[in-house]
file protein.txt (compact mmCIF, C-alpha atoms)
# COMPACT_ATOMS: atom_id res chain seq x y z
CA MET A 9 -32.03 3.59 -114.29
CA SER A 10 -29.40 5.36 -112.19
CA GLU A 11 -32.00 6.99 -109.92
CA THR A 12 -33.67 3.60 -109.41
CA LEU A 13 -30.34 1.97 -108.61
CA GLN A 14 -29.53 4.61 -106.03
CA SER A 15 -32.96 4.26 -104.46
CA ILE A 16 -32.79 0.51 -103.93
CA ASN A 17 -29.69 1.02 -101.84
CA THR A 18 -31.35 3.69 -99.73
CA THR A 19 -35.12 4.22 -99.58
CA THR A 20 -37.05 2.99 -102.60
CA VAL A 21 -40.07 4.99 -103.68
CA ALA A 22 -43.08 3.26 -105.23
CA ALA A 23 -42.21 4.35 -108.77
CA SER A 24 -38.77 2.76 -108.64
CA ASP A 25 -40.23 -0.45 -107.17
CA GLU A 26 -42.57 -0.53 -110.14
CA ALA A 27 -39.66 -0.03 -112.54
CA ILE A 28 -37.74 -2.90 -110.96
CA LEU A 29 -40.81 -5.13 -111.15
CA THR A 30 -41.33 -4.24 -114.82
CA LEU A 31 -37.76 -5.28 -115.56
CA PHE A 32 -38.24 -8.55 -113.65
CA GLU A 33 -41.39 -9.31 -115.64
CA ARG A 34 -39.68 -8.75 -118.98
CA LEU A 35 -36.65 -10.85 -118.09
CA ALA A 36 -38.79 -13.68 -116.72
CA VAL A 37 -40.80 -13.86 -119.94
CA GLU A 38 -37.64 -13.86 -122.05
CA ALA A 39 -36.12 -16.57 -119.88
CA GLY A 40 -39.34 -18.56 -120.11
CA GLN A 41 -39.20 -18.46 -123.89
CA ALA A 42 -35.68 -19.88 -123.82
CA ILE A 43 -36.80 -22.62 -121.41
CA MET A 44 -39.72 -23.63 -123.60
CA GLU A 45 -37.46 -23.96 -126.63
CA VAL A 46 -35.56 -26.65 -124.73
CA TYR A 47 -38.74 -28.16 -123.27
CA ASN A 48 -40.07 -28.69 -126.79
CA SER A 49 -36.85 -30.27 -128.05
CA GLU A 50 -34.23 -32.57 -126.52
CA ILE A 51 -33.35 -32.00 -122.87
CA THR A 52 -29.76 -32.73 -121.82
CA VAL A 53 -29.37 -33.37 -118.09
CA THR A 54 -26.14 -33.32 -116.10
CA ASP A 55 -25.51 -33.51 -112.34
CA LYS A 56 -23.97 -30.69 -110.33
CA ALA A 57 -21.57 -31.24 -107.44
CA ASP A 58 -24.49 -31.59 -105.02
CA ALA A 59 -26.08 -34.25 -107.30
CA SER A 60 -28.96 -31.98 -108.28
CA PRO A 61 -29.85 -31.91 -111.98
CA VAL A 62 -29.12 -29.03 -114.35
CA THR A 63 -30.06 -28.62 -118.02
CA GLN A 64 -29.19 -26.32 -120.88
CA ALA A 65 -32.47 -24.53 -120.13
CA ASP A 66 -31.30 -23.58 -116.60
CA ARG A 67 -28.12 -22.08 -118.01
CA ALA A 68 -29.75 -20.26 -120.92
CA ALA A 69 -32.42 -18.72 -118.69
CA GLU A 70 -29.90 -17.62 -116.05
CA LYS A 71 -27.73 -15.98 -118.71
CA ILE A 72 -30.69 -13.92 -119.97
CA ILE A 73 -31.72 -12.83 -116.49
CA LEU A 74 -28.25 -11.94 -115.21
CA GLU A 75 -27.30 -10.00 -118.32
CA GLY A 76 -30.49 -7.96 -117.98
CA LEU A 77 -30.09 -7.29 -114.27
CA ARG A 78 -26.42 -6.36 -114.56
CA ALA A 79 -27.01 -4.06 -117.52
CA ALA A 80 -29.65 -2.15 -115.56
CA PHE A 81 -28.03 -2.33 -112.10
CA PRO A 82 -24.31 -3.05 -112.46
CA ASP A 83 -23.56 -2.29 -108.80
CA VAL A 84 -26.20 -4.56 -107.27
CA PRO A 85 -24.91 -8.07 -106.43
CA CYS A 86 -26.66 -11.15 -107.82
CA VAL A 87 -27.07 -14.50 -106.09
CA ALA A 88 -27.98 -16.96 -108.84
CA GLU A 89 -28.31 -20.71 -108.47
CA GLU A 90 -26.06 -21.84 -111.31
CA GLU A 91 -23.37 -19.21 -110.74
CA THR A 92 -23.31 -20.01 -107.04
CA SER A 93 -22.94 -23.73 -107.75
CA GLU A 94 -19.78 -22.79 -109.67
CA GLY A 95 -18.47 -20.67 -106.80
CA VAL A 96 -19.35 -17.30 -108.33
CA VAL A 97 -20.85 -14.97 -105.73
CA ALA A 98 -20.11 -11.43 -104.58
CA PRO A 99 -17.97 -11.23 -101.43
CA ASP A 100 -20.25 -8.54 -99.99
CA LEU A 101 -23.98 -8.50 -100.72
CA GLY A 102 -24.66 -5.18 -99.00
CA ARG A 103 -28.19 -4.22 -98.00
CA ALA A 104 -29.80 -5.01 -101.36
CA PHE A 105 -29.18 -7.86 -103.80
CA PHE A 106 -30.94 -9.90 -106.46
CA VAL A 107 -31.75 -13.60 -106.09
CA VAL A 108 -32.30 -15.70 -109.21
CA ASP A 109 -33.51 -19.24 -109.75
CA PRO A 110 -33.72 -19.48 -113.53
CA LEU A 111 -35.60 -22.78 -113.51
CA ASP A 112 -37.14 -23.85 -110.22
CA GLY A 113 -38.42 -27.40 -110.46
CA THR A 114 -35.82 -28.84 -112.80
CA LYS A 115 -36.99 -32.36 -111.90
CA GLU A 116 -40.52 -31.45 -113.03
CA PHE A 117 -39.10 -29.85 -116.17
CA VAL A 118 -37.09 -32.96 -117.09
CA LYS A 119 -40.20 -35.12 -116.63
CA ARG A 120 -42.06 -32.61 -118.83
CA ARG A 121 -44.52 -31.67 -116.13
CA THR A 122 -45.90 -28.14 -116.16
CA ASP A 123 -45.24 -26.68 -112.69
CA PHE A 124 -41.67 -25.41 -113.07
CA THR A 125 -40.99 -21.68 -112.77
CA VAL A 126 -38.68 -18.75 -113.41
CA ASN A 127 -37.90 -16.79 -110.24
CA ILE A 128 -36.37 -13.35 -109.75
CA ALA A 129 -36.34 -11.40 -106.48
CA LEU A 130 -34.87 -8.32 -104.83
CA VAL A 131 -33.89 -8.69 -101.18
CA ARG A 132 -33.55 -5.61 -98.99
CA ASP A 133 -32.22 -5.75 -95.45
CA GLY A 134 -32.72 -9.51 -95.31
CA ALA A 135 -36.32 -9.54 -96.55
CA PRO A 136 -37.58 -10.41 -100.05
CA GLU A 137 -39.49 -7.31 -101.17
CA ILE A 138 -39.95 -7.55 -104.94
CA GLY A 139 -40.40 -10.78 -106.83
CA VAL A 140 -41.82 -12.54 -109.85
CA VAL A 141 -42.72 -16.19 -110.40
CA TYR A 142 -43.51 -17.31 -113.94
CA ALA A 143 -44.64 -20.75 -115.05
CA PRO A 144 -43.86 -20.67 -118.78
CA CYS A 145 -45.57 -23.96 -119.58
CA THR A 146 -48.97 -22.77 -118.32
CA GLY A 147 -48.54 -19.00 -118.70
CA ARG A 148 -49.34 -18.27 -115.04
CA PHE A 149 -47.45 -15.24 -113.73
CA PHE A 150 -47.29 -13.81 -110.20
CA ALA A 151 -45.66 -10.52 -109.24
CA GLY A 152 -45.27 -8.69 -105.95
CA ARG A 153 -43.82 -5.52 -104.49
CA PRO A 154 -44.47 -3.87 -101.12
CA GLY A 155 -48.21 -3.38 -100.72
CA LYS A 156 -49.27 -4.97 -104.01
CA ALA A 157 -49.39 -8.47 -105.46
CA GLU A 158 -50.80 -9.40 -108.85
CA ALA A 159 -51.53 -12.45 -110.95
CA PHE A 160 -51.99 -12.62 -114.70
CA GLU A 161 -51.36 -14.82 -117.71
CA ILE A 162 -48.74 -14.50 -120.43
CA VAL A 163 -50.35 -14.91 -123.84
CA ASP A 164 -48.12 -14.59 -126.93
CA GLY A 165 -45.50 -12.90 -124.77
CA LEU A 166 -47.88 -10.28 -123.33
CA ALA A 167 -49.63 -9.93 -119.98
CA ALA A 168 -53.38 -10.58 -119.99
CA GLY A 169 -56.00 -10.46 -117.25
CA ARG A 170 -53.86 -8.62 -114.71
CA ARG A 171 -55.58 -8.64 -111.31
CA GLN A 172 -54.64 -7.88 -107.72
CA ILE A 173 -54.43 -10.83 -105.34
CA HIS A 174 -54.59 -11.24 -101.56
CA VAL A 175 -54.19 -14.10 -99.13
CA ARG A 176 -57.43 -15.38 -97.67
CA GLU A 177 -58.47 -15.53 -94.06
CA GLY A 178 -57.29 -18.77 -92.46
CA ARG A 179 -60.15 -21.03 -91.56
CA GLU A 180 -60.33 -24.61 -90.43
CA PRO A 181 -60.12 -27.08 -91.98
CA LEU A 182 -57.16 -25.69 -93.86
CA THR A 183 -55.80 -26.32 -97.34
CA ILE A 184 -52.10 -27.16 -97.34
CA VAL A 185 -49.70 -27.14 -100.28
CA ALA A 186 -46.82 -29.57 -100.16
CA SER A 187 -43.82 -30.43 -102.26
CA ARG A 188 -44.41 -33.21 -104.75
CA SER A 189 -40.76 -34.26 -104.73
CA HIS A 190 -39.85 -33.58 -101.09
CA LEU A 191 -42.68 -34.74 -98.82
CA THR A 192 -40.96 -35.60 -95.53
CA PRO A 193 -42.22 -37.42 -92.40
CA GLU A 194 -42.02 -34.09 -90.53
CA THR A 195 -44.32 -32.50 -93.11
CA GLU A 196 -46.77 -35.39 -92.83
CA THR A 197 -46.79 -35.02 -89.02
CA PHE A 198 -47.46 -31.26 -89.34
CA ILE A 199 -50.33 -31.89 -91.75
CA LYS A 200 -51.96 -34.32 -89.33
CA ARG A 201 -51.57 -31.87 -86.46
CA VAL A 202 -53.38 -29.01 -88.19
CA HIS A 203 -56.18 -31.24 -89.51
CA ALA A 204 -55.92 -30.16 -93.12
CA ALA A 205 -59.01 -30.73 -95.23
CA GLU A 206 -57.17 -30.77 -98.53
CA ILE A 207 -53.57 -31.28 -99.54
CA VAL A 208 -52.51 -29.79 -102.87
CA SER A 209 -49.29 -31.25 -104.26
CA VAL A 210 -47.43 -28.90 -106.56
CA GLY A 211 -43.80 -28.37 -107.47
CA SER A 212 -41.56 -25.31 -107.39
CA SER A 213 -42.28 -21.85 -105.98
CA LEU A 214 -45.91 -22.02 -107.12
CA LYS A 215 -46.67 -23.21 -103.59
CA PHE A 216 -46.09 -19.67 -102.27
CA CYS A 217 -48.25 -18.27 -105.06
CA LEU A 218 -51.23 -20.48 -104.26
CA LEU A 219 -51.19 -18.97 -100.77
CA ALA A 220 -50.77 -15.45 -102.17
CA SER A 221 -53.76 -15.85 -104.49
CA GLY A 222 -56.02 -17.23 -101.77
CA GLU A 223 -56.11 -20.76 -103.17
CA ALA A 224 -54.51 -22.36 -100.10
CA ASP A 225 -53.66 -21.55 -96.48
CA LEU A 226 -50.36 -23.13 -95.43
CA TYR A 227 -47.10 -24.31 -96.94
CA PRO A 228 -44.93 -26.22 -94.44
CA ARG A 229 -41.40 -27.02 -95.59
CA PHE A 230 -39.45 -29.43 -93.41
CA GLY A 231 -36.84 -30.24 -96.01
CA ARG A 232 -33.83 -28.56 -97.53
CA THR A 233 -34.27 -25.42 -99.61
CA MET A 234 -31.97 -22.64 -100.73
CA GLU A 235 -32.71 -18.93 -100.85
CA TRP A 236 -33.11 -18.93 -104.63
CA ASP A 237 -35.82 -21.58 -104.22
CA THR A 238 -37.90 -19.34 -101.99
CA ALA A 239 -37.08 -15.62 -102.39
CA ALA A 240 -39.34 -14.74 -105.34
CA GLY A 241 -42.36 -16.72 -104.16
CA ASP A 242 -41.87 -15.44 -100.62
CA ALA A 243 -41.80 -11.85 -101.93
CA VAL A 244 -45.09 -12.39 -103.77
CA LEU A 245 -46.65 -13.96 -100.67
CA ARG A 246 -45.54 -11.14 -98.35
CA ALA A 247 -46.82 -8.55 -100.85
CA ALA A 248 -50.19 -10.33 -100.78
CA GLY A 249 -50.37 -10.14 -96.98
CA GLY A 250 -48.85 -13.50 -96.05
CA THR A 251 -45.85 -14.51 -93.96
CA THR A 252 -42.99 -17.01 -93.89
CA HIS A 253 -41.60 -17.95 -90.48
CA THR A 254 -38.92 -20.33 -89.28
CA LEU A 255 -39.84 -22.84 -86.60
CA ASP A 256 -38.77 -20.44 -83.84
CA GLY A 257 -41.38 -17.95 -85.08
CA ALA A 258 -38.93 -15.50 -86.70
CA PRO A 259 -39.42 -14.24 -90.27
CA LEU A 260 -37.35 -16.21 -92.79
CA ALA A 261 -34.24 -14.10 -93.47
CA TYR A 262 -32.14 -13.86 -96.64
CA GLY A 263 -28.45 -13.33 -97.28
CA LYS A 264 -27.42 -16.07 -94.85
CA ARG A 265 -23.67 -16.77 -95.06
CA ASN A 266 -21.03 -18.40 -92.90
CA GLN A 267 -23.63 -20.57 -91.24
CA THR A 268 -22.32 -22.88 -88.56
CA ASN A 269 -24.27 -25.96 -89.56
CA ASP A 270 -25.09 -25.43 -93.21
CA ALA A 271 -23.96 -23.95 -96.51
CA ASP A 272 -24.29 -20.33 -97.54
CA PHE A 273 -27.86 -19.41 -98.52
CA ALA A 274 -29.37 -22.62 -97.13
CA ASN A 275 -32.74 -22.13 -95.44
CA PRO A 276 -33.89 -23.62 -92.15
CA HIS A 277 -37.27 -25.33 -92.03
CA PHE A 278 -40.18 -22.91 -92.32
CA VAL A 279 -43.93 -22.51 -92.58
CA SER A 280 -45.56 -20.03 -94.97
CA SER A 281 -49.11 -18.91 -94.38
CA GLY A 282 -51.87 -16.61 -95.47
CA ARG A 283 -53.84 -14.70 -92.83
CA ILE A 284 -53.53 -17.38 -90.25
CA ILE A 285 -54.81 -17.24 -86.77
CA ASP A 286 -52.14 -17.36 -84.07
CA PRO A 287 -48.49 -18.23 -84.84
CA ALA A 288 -48.69 -20.66 -81.91
CA PHE A 289 -51.16 -22.62 -83.99
CA MET A 290 -48.34 -23.49 -86.39
CA PHE A 291 -45.43 -23.78 -84.02

call {"tool": "encode", "arguments": {"input": "protein.txt", "output": "structure tokens"}}
result
Amino acid sequence: MSETLQSINTTTVAASDEAILTLFERLAVEAGQAIMEVYNSEITVTDKADASPVTQADRAAEKIILEGLRAAFPDVPCVAEEETSEGVVAPDLGRAFFVVDPLDGTKEFVKRRTDFTVNIALVRDGAPEIGVVYAPCTGRFFAGRPGKAEAFEIVDGLAAGRRQIHVREGREPLTIVASRSHLTPETETFIKRVHAAEIVSVGSSLKFCLLASGEADLYPRFGRTMEWDTAAGDAVLRAAGGTTHTLDGAPLAYGKRNQTNDADFANPHFVSSGRIIDPAFMF
């Protein structure tokens, strides 16, 4: 792995991107197995300092992922949700770092819904370039690296039905995906403005993946998110030909620290899209 490690801090060739993605896929499946063990037993919920819920599944999954990443790439920093909530984060992220949300959609998980996910991403120079999103309850798996995005199912721990995915051409009326738990008045106003034909409500980073697979057109987010909520899904979407922009039209950037008006790694509002018409249409 030393050649791969060196390459992600300089110029990554396709083969090393594939190796990183293969590692992500394996760790996500292992983390998903640990999550489902808790899902099928008793879930213990506690509140973090920011009042968001955390369970033993979040911690077990993050431990699996971080141990795997650090064994393979000991010099690459990791930004992981649970570690960060405890104040553990590298002082210098450099040009390349991993972003981990071990269980995105904890509220859905606690309610024993099915649309929670495992998320692992690699950010290079502020952009999410490699990522996986795995929904262990349904088996849906999405993976992306520069120039290629795929979807498949995990059956008995193995990938089945692997296929390449692409965003679809934007056409009116549009299909919009929205957050089940965080639908804001600003989001409702945006939806009315673009005359959406259908609104699909789904939790977690699967919203990005529905755009990536051509099942929807837009994902507006006018509520609070953190980089670990978005990096993996955003990487899959960009690999499939989509985009994520802030409300000033700039690509959503990662590795945000020392922000004047918000915490480290907090995202501004954004809109993700497939092959949409003109950015002015959204902003």

call {"tool": "residues_around", "arguments": {"input": "protein.txt", "residues": "A:Leu111", "least_positions_apart": "5", "cutoff": "7 Å", "atoms": "only C-alpha atoms", "output": "number ranges by chain"}}
result
A: 66, 124-126

call {"tool": "closest_residue", "arguments": {"input": "protein.txt", "among": "A:Arg171, A:His253, A:Arg229, A:Arg103", "to": "A:Ala151", "atoms": "all atoms listed in the file"}}
result
A:Arg171

call {"tool": "atom_distance", "arguments": {"input": "protein.txt", "atom1": "atom CA of A:Gly178", "atom2": "atom CA of A:Asp25"}}
result
29.0 Å

call {"tool": "atom_distance", "arguments": {"input": "protein.txt", "atom1": "atom CA of A:Arg179", "atom2": "atom CA of A:Asn127"}}
result
29.4 Å

call {"tool": "closest_residue", "arguments": {"input": "protein.txt", "among": "A:Ile199, A:Gly231, A:Pro154, A:Thr251", "to": "A:Pro276", "atoms": "only C-alpha atoms"}}
result
A:Gly231

call {"tool": "residues_around", "arguments": {"input": "protein.txt", "residues": "A:Ile28", "least_positions_apart": "3", "cutoff": "8 Å", "atoms": "only C-alpha atoms", "output": "ChimeraX atom specification"}}
result
/A:12,24-25,31-32,138

call {"tool": "closest_residue", "arguments": {"input": "protein.txt", "among": "A:Leu255, A:Cys145, A:Leu245, A:Val202", "to": "A:Ala159", "atoms": "all atoms listed in the file"}}
result
A:Leu245

call {"tool": "closest_residue", "arguments": {"input": "protein.txt", "among": "A:Arg120, A:Lys115, A:Lys56, A:Arg176", "to": "A:Glu94", "atoms": "all atoms listed in the file"}}
result
A:Lys56

call {"tool": "decode", "arguments": {"input": "protein.txt", "residues": "stretch 86-102 of chain A", "atoms": "N, CA and C atoms", "output": "PDB file, in the first residue's frame"}}
result
ATOM      1  N   CYS A  86      -7.602  11.413   9.322  1.00  0.00           N
ATOM      2  CA  CYS A  86      -9.001  11.006   9.268  1.00  0.00           C
ATOM      3  C   CYS A  86      -9.859  12.033  10.006  1.00  0.00           C
ATOM      4  N   VAL A  87     -10.953  12.424   9.386  1.00  0.00           N
ATOM      5  CA  VAL A  87     -11.964  13.244  10.031  1.00  0.00           C
ATOM      6  C   VAL A  87     -13.194  12.362  10.176  1.00  0.00           C
ATOM      7  N   ALA A  88     -13.470  11.913  11.404  1.00  0.00           N
ATOM      8  CA  ALA A  88     -14.558  10.985  11.664  1.00  0.00           C
ATOM      9  C   ALA A  88     -15.528  11.608  12.658  1.00  0.00           C
ATOM     10  N   GLU A  89     -16.812  11.387  12.430  1.00  0.00           N
ATOM     11  CA  GLU A  89     -17.825  12.087  13.217  1.00  0.00           C
ATOM     12  C   GLU A  89     -17.668  11.880  14.722  1.00  0.00           C
ATOM     13  N   GLU A  90     -17.550  10.654  15.168  1.00  0.00           N
ATOM     14  CA  GLU A  90     -17.529  10.412  16.608  1.00  0.00           C
ATOM     15  C   GLU A  90     -16.220  10.876  17.237  1.00  0.00           C
ATOM     16  N   GLU A  91     -15.102  10.650  16.566  1.00  0.00           N
ATOM     17  CA  GLU A  91     -13.828  11.163  17.088  1.00  0.00           C
ATOM     18  C   GLU A  91     -13.860  12.691  17.187  1.00  0.00           C
ATOM     19  N   THR A  92     -14.364  13.324  16.126  1.00  0.00           N
ATOM     20  CA  THR A  92     -14.394  14.785  16.122  1.00  0.00           C
ATOM     21  C   THR A  92     -15.264  15.321  17.240  1.00  0.00           C
ATOM     22  N   SER A  93     -16.371  14.646  17.526  1.00  0.00           N
ATOM     23  CA  SER A  93     -17.255  15.091  18.609  1.00  0.00           C
ATOM     24  C   SER A  93     -16.558  15.018  19.958  1.00  0.00           C
ATOM     25  N   GLU A  94     -15.508  14.199  20.043  1.00  0.00           N
ATOM     26  CA  GLU A  94     -14.724  14.073  21.276  1.00  0.00           C
ATOM     27  C   GLU A  94     -13.458  14.923  21.238  1.00  0.00           C
ATOM     28  N   GLY A  95     -13.333  15.748  20.188  1.00  0.00           N
ATOM     29  CA  GLY A  95     -12.191  16.644  20.075  1.00  0.00           C
ATOM     30  C   GLY A  95     -10.953  16.028  19.468  1.00  0.00           C
ATOM     31  N   VAL A  96     -11.081  14.864  18.850  1.00  0.00           N
ATOM     32  CA  VAL A  96      -9.936  14.189  18.241  1.00  0.00           C
ATOM     33  C   VAL A  96      -9.917  14.476  16.747  1.00  0.00           C
ATOM     34  N   VAL A  97      -8.978  15.288  16.306  1.00  0.00           N
ATOM     35  CA  VAL A  97      -8.829  15.598  14.886  1.00  0.00           C
ATOM     36  C   VAL A  97      -7.403  16.073  14.642  1.00  0.00           C
ATOM     37  N   ALA A  98      -6.856  15.705  13.498  1.00  0.00           N
ATOM     38  CA  ALA A  98      -5.474  16.075  13.183  1.00  0.00           C
ATOM     39  C   ALA A  98      -5.334  17.589  13.079  1.00  0.00           C
ATOM     40  N   PRO A  99      -4.232  18.141  13.595  1.00  0.00           N
ATOM     41  CA  PRO A  99      -4.047  19.595  13.504  1.00  0.00           C
ATOM     42  C   PRO A  99      -3.874  20.084  12.077  1.00  0.00           C
ATOM     43  N   ASP A 100      -3.320  19.235  11.213  1.00  0.00           N
ATOM     44  CA  ASP A 100      -3.102  19.614   9.815  1.00  0.00           C
ATOM     45  C   ASP A 100      -3.627  18.494   8.920  1.00  0.00           C
ATOM     46  N   LEU A 101      -4.598  18.803   8.086  1.00  0.00           N
ATOM     47  CA  LEU A 101      -5.193  17.782   7.218  1.00  0.00           C
ATOM     48  C   LEU A 101      -4.409  17.577   5.931  1.00  0.00           C
ATOM     49  N   GLY A 102      -3.573  18.537   5.568  1.00  0.00           N
ATOM     50  CA  GLY A 102      -2.821  18.400   4.329  1.00  0.00           C
ATOM     51  C   GLY A 102      -3.736  18.471   3.110  1.00  0.00           C
TER      52      GLY A 102
END
